[in-house]
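Raw input-v6.txt, compact mmCIF, C-alpha atoms:
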```txt
# COMPACT_ATOMS: atom_id res chain seq x y z
CA MET A 1 4.20 17.64 15.09
CA ALA A 2 4.84 20.26 12.43
CA PRO A 3 2.76 23.43 12.25
CA ARG A 4 0.08 23.26 9.54
CA LEU A 5 2.01 25.89 7.58
CA LEU A 6 4.78 23.33 6.92
CA GLU A 7 2.48 20.50 5.80
CA PRO A 8 2.63 21.28 2.04
CA ILE A 9 6.42 21.51 2.22
CA LEU A 10 6.69 18.22 4.12
CA ALA A 11 4.31 16.57 1.63
CA GLN A 12 6.76 17.51 -1.13
CA VAL A 13 9.67 16.25 1.00
CA GLU A 14 7.86 12.92 1.42
CA ARG A 15 7.38 12.54 -2.37
CA MET A 16 11.01 13.42 -3.07
CA ASP A 17 12.22 11.08 -0.32
CA ARG A 18 10.36 8.10 -1.84
CA THR A 19 11.86 8.89 -5.26
CA ILE A 20 15.42 9.38 -3.99
CA ARG A 21 15.28 6.16 -1.97
CA ARG A 22 13.84 4.25 -4.96
CA ILE A 23 11.11 2.66 -2.87
CA ARG A 24 9.27 0.10 -5.01
CA PRO A 25 5.95 -1.58 -4.17
CA ILE A 26 6.11 -5.30 -3.39
CA GLN A 27 3.24 -5.86 -5.83
CA PRO A 28 0.70 -3.69 -7.67
CA GLY A 29 -1.61 -2.04 -5.11
CA ALA A 30 0.73 -3.00 -2.25
CA VAL A 31 0.64 -1.44 1.19
CA LEU A 32 4.37 -2.10 1.57
CA GLY A 33 7.31 -0.98 -0.52
CA ILE A 34 11.00 -1.95 -0.40
CA GLU A 35 14.12 0.17 -0.30
CA ARG A 36 17.44 -1.63 -0.91
CA HIS A 37 19.69 -0.85 2.02
CA ARG A 38 22.89 -1.88 3.76
CA HIS A 39 22.89 -1.86 7.55
CA ARG A 40 25.14 0.81 9.00
CA GLY A 41 24.64 0.39 12.72
CA GLU A 42 25.73 -1.91 15.50
CA PRO A 43 25.15 -5.64 14.97
CA VAL A 44 21.52 -6.68 15.43
CA THR A 45 20.81 -10.21 16.68
CA LEU A 46 17.30 -11.40 15.86
CA ARG A 47 15.29 -14.03 17.78
CA ASP A 48 16.04 -16.75 15.24
CA GLY A 49 19.80 -16.20 15.63
CA THR A 50 20.28 -14.15 12.47
CA VAL A 51 22.96 -11.51 13.03
CA VAL A 52 22.88 -8.41 10.83
CA ARG A 53 26.23 -6.62 10.81
CA ALA A 54 27.33 -3.32 9.31
CA GLY A 55 27.48 -3.73 5.54
CA ASP A 56 24.96 -6.61 5.41
CA ARG A 57 21.87 -6.10 3.25
CA ALA A 58 18.91 -5.24 5.43
CA ASP A 59 16.29 -3.79 3.10
CA ILE A 60 13.83 -1.31 4.55
CA LEU A 61 10.07 -1.82 4.31
CA HIS A 62 7.98 1.33 3.93
CA PHE A 63 4.25 1.94 4.05
CA ASP A 64 2.67 3.45 0.96
CA ASN A 65 0.91 6.26 2.82
CA ARG A 66 -1.56 6.95 0.02
CA ARG A 67 -2.61 3.30 0.10
CA VAL A 68 -2.82 3.35 3.90
CA ARG A 69 -5.09 6.39 3.69
CA GLU A 70 -7.45 4.51 1.34
CA ILE A 71 -7.60 1.60 3.76
CA ALA A 72 -8.03 3.90 6.77
CA GLU A 73 -11.27 5.22 5.33
CA ALA A 74 -12.83 1.81 6.03
CA GLY A 75 -10.99 1.14 9.30
CA TRP A 76 -7.27 0.52 8.98
CA GLN A 77 -6.06 -2.12 11.40
CA LEU A 78 -7.64 -5.41 10.37
CA GLU A 79 -7.69 -4.73 6.64
CA GLY A 80 -4.22 -3.18 6.80
CA LEU A 81 -2.79 -6.21 8.58
CA ARG A 82 -4.45 -8.53 6.06
CA LEU A 83 -2.94 -6.59 3.14
CA CYS A 84 0.49 -6.45 4.80
CA ARG A 85 0.38 -10.23 5.22
CA ALA A 86 -0.56 -10.59 1.53
CA ASP A 87 2.40 -8.41 0.54
CA LEU A 88 4.71 -10.48 2.74
CA ARG A 89 3.43 -13.72 1.15
CA VAL A 90 4.22 -12.30 -2.31
CA LEU A 91 7.68 -11.26 -1.12
CA ALA A 92 8.35 -14.68 0.45
CA ALA A 93 7.19 -16.44 -2.74
CA ARG A 94 9.61 -14.35 -4.81
CA ILE A 95 12.48 -15.19 -2.46
CA ALA A 96 11.63 -18.90 -2.55
CA ARG A 97 11.00 -19.20 -6.29
CA GLU A 98 13.24 -16.65 -8.01
CA PRO A 99 16.94 -17.44 -7.58
CA GLN A 100 17.88 -14.11 -9.20
CA PHE A 101 15.81 -12.15 -6.63
CA ASP A 102 18.87 -11.70 -4.34
CA PRO A 103 17.13 -11.23 -0.97
CA PRO A 104 18.73 -9.36 1.91
CA LEU A 105 19.63 -11.01 5.21
CA ALA A 106 16.67 -9.29 6.89
CA TYR A 107 14.02 -6.61 6.46
CA CYS A 108 13.59 -3.71 8.83
CA GLY A 109 11.39 -0.66 9.19
CA ALA A 110 10.61 2.25 11.46
CA SER A 111 7.13 3.56 12.10
CA VAL A 112 4.87 5.14 14.68
CA VAL A 113 2.63 2.07 14.23
CA SER A 114 5.48 -0.38 14.84
CA ARG A 115 3.52 -2.23 17.55
CA LEU A 116 1.17 -3.50 14.84
CA ALA A 117 4.12 -5.21 13.14
CA LEU A 118 4.41 -7.54 16.14
CA ARG A 119 1.10 -9.08 15.05
CA ILE A 120 2.56 -10.15 11.71
CA GLY A 121 5.84 -11.64 12.91
CA PHE A 122 8.26 -8.76 13.24
CA GLU A 123 10.22 -8.11 16.39
CA ARG A 124 10.46 -4.63 17.85
CA ARG A 125 13.90 -3.33 18.81
CA PRO A 126 14.72 -0.54 21.24
CA ARG A 127 15.92 2.74 19.74
CA ARG A 128 18.52 5.00 21.24
CA ARG A 129 17.32 8.51 21.98
CA THR A 130 19.26 10.88 19.78
CA TRP A 131 18.55 14.14 17.97
CA TRP A 132 17.88 12.01 14.86
CA SER A 133 15.28 9.81 16.58
CA ALA A 134 13.60 12.96 17.94
CA LEU A 135 13.48 14.38 14.39
CA GLU A 136 12.06 11.08 13.06
CA ASN A 137 9.37 11.12 15.76
CA TRP A 138 8.40 14.69 14.83
CA TYR A 139 8.37 13.96 11.10
CA SER A 140 6.50 10.65 11.46
CA ARG A 141 3.79 12.18 13.65
CA THR A 142 3.36 14.90 11.01
CA ILE A 143 3.03 12.28 8.26
CA MET A 144 0.52 10.32 10.33
CA ALA A 145 -1.52 13.48 10.93
CA ARG A 146 -1.54 14.05 7.18
CA TRP A 147 -2.56 10.53 6.17
CA ALA A 148 -4.64 9.25 9.11
CA ARG A 149 -8.41 9.24 8.72
CA ASP A 150 -8.77 11.37 11.88
CA GLY A 151 -5.83 13.63 11.02
CA ARG A 152 -4.23 15.46 13.91
CA ALA A 153 -6.74 13.98 16.39
CA ARG A 154 -5.21 10.54 15.72
CA ILE A 155 -1.89 11.68 17.17
CA ARG A 156 -3.50 12.25 20.58
CA GLN A 157 -4.97 8.72 20.75
CA GLY A 158 -3.28 5.73 22.30
CA ARG A 159 -1.33 5.05 25.45
CA GLY A 160 1.62 7.34 25.98
CA PRO A 161 3.62 9.33 23.47
CA LEU A 162 3.49 8.22 19.85
CA GLU A 163 7.08 7.37 18.96
CA VAL A 164 8.80 5.64 16.09
CA GLY A 165 9.70 2.02 16.79
CA GLU A 166 12.16 -0.09 14.84
CA VAL A 167 11.03 -3.52 13.60
CA TRP A 168 12.97 -6.42 12.07
CA ILE A 169 12.27 -9.78 10.48
CA SER A 170 14.91 -12.12 9.09
CA VAL A 171 14.42 -13.65 5.67
CA ARG A 172 14.46 -17.05 7.39
CA GLU A 173 11.53 -16.00 9.63
CA LEU A 174 9.73 -14.37 6.71
CA LEU A 175 9.93 -17.64 4.76
CA ARG A 176 8.85 -19.69 7.79
CA ARG A 177 5.76 -17.52 8.31
CA TYR A 178 4.84 -16.56 4.74
CA GLY A 179 6.73 -18.83 2.34
CA PRO A 180 5.14 -21.45 0.09
CA GLU A 181 5.54 -24.13 2.81
CA ALA A 182 4.04 -21.94 5.58
CA ASP A 183 0.67 -22.51 7.18
CA THR A 184 -1.24 -19.48 5.89
CA GLY A 185 -3.95 -19.60 8.54
CA GLN A 186 -2.45 -16.49 10.17
```

For this file, produce the structure as structure tokens.
Amino acid sequence: MAPRLLEPILAQVERMDRTIRRIRPIQPGAVLGIERHRHRGEPVTLRDGTVVRAGDRADILHFDNRRVREIAEAGWQLEGLRLCRADLRVLAARIAREPQFDPPLAYCGASVVSRLALRIGFERRPRRRTWWSALENWYSRTIMARWARDGRARIRQGRGPLEVGEVWISVRELLRRYGPEADTGQ
């Protein structure tokens, strides 16, 4: 985690990063935003058989950390999961109803709270340990300390080290779980 002295600088980096990446909310007041992206790594085979290869569209989902902070004031997990599901239903409806929407093959994300994504249908993928993943872990823990209700104390909670996990969901699985024909009793 970054020293407190760097927090204002990293806050500015976070704002610039969201602008440069053109992250757009799924809907007004959304918890999740989307960054258009082409996969650059090794092929990823998802549970439903979808294979994402280098060059395929695999848009990245991002949390809106300001929105997460608002939710965290009242207790993040249950309300946060409910709002993420609502965002995913809006996204699935757009894919199903708007032919011009041009969905990617899959959506992915990376977060220190990636285990929560398992509860809403994503699958968690292993990450190789590299200098980049170590930097992402450091940066993500700093962001969480900034936005979490309990601040730096939140980083020390949990079982084991808090590390970034990678999550994926194919558009096919997204539509099955959240599309207009899906059972929304989740």

Per-residue nearest contacts of region 36-71 of chain A to region 104-124 of chain A (6 Å; all atoms listed in the file) as a Markdown table:
```
| residue | atom | partner | partner_atom | distance |
| --- | --- | --- | --- | --- |
| A:Arg57 | CA | A:Pro104 | CA | 4.7 |
| A:Ala58 | CA | A:Ala106 | CA | 4.9 |
| A:Asp59 | CA | A:Tyr107 | CA | 4.9 |
| A:Ile60 | CA | A:Cys108 | CA | 4.9 |
| A:Leu61 | CA | A:Gly109 | CA | 5.2 |
```

_Near-Arg97 (chain A) list (10 Å; all atoms listed in the file; drop same-chain fewer than 4 positions) as a list in words_ =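 The neighbour list is Ala92, Ala93, Phe101, Gly179 and Pro180 of chain A.
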
*Which residues, written as a PyMOL selection string, have at least one atom at most 12 Å from Gly29 (chain A), with all atoms listed in the file counted and residues fewer than 3 positions away on the same chain left out?*
chain A and resi 24-26+32-33+63-68+70-71+83-84+86-87

*For CA of Thr45 (chain A) and CA of Arg85 (chain A), quote the distance in Å rounded to one decimal.*
23.4 Å

_Between CA of Arg82 (chain A) and CA of Ala30 (chain A), distance in Å (one decimal)_ =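 Separating CA of Arg82 (chain A) from CA of Ala30 (chain A) is a distance of 11.2 Å.
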
*For each of A:Arg18, A:Arg47, A:His62, A:His37, take the minimum atom-to-atom distance to Arg172 (chain A), counting only C-alpha atoms, then give the residue where this is smallest.*
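Smallest distance to Arg172 (chain A) is found for A:Arg47.
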
_I'd like to know which of A:Arg21, A:Ala11, A:Arg94, A:Pro28 is closest to Tyr178 (chain A), using only C-alpha atoms._
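Ranking A:Arg21, A:Ala11, A:Arg94, A:Pro28 by distance to Tyr178 (chain A), first place goes to A:Arg94.
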
*Could you check how far CA of Arg129 (chain A) sits from CA of Arg141 (chain A), in Å to one decimal?*
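Result for CA of Arg129 (chain A) versus CA of Arg141 (chain A): 16.3 Å, one decimal.
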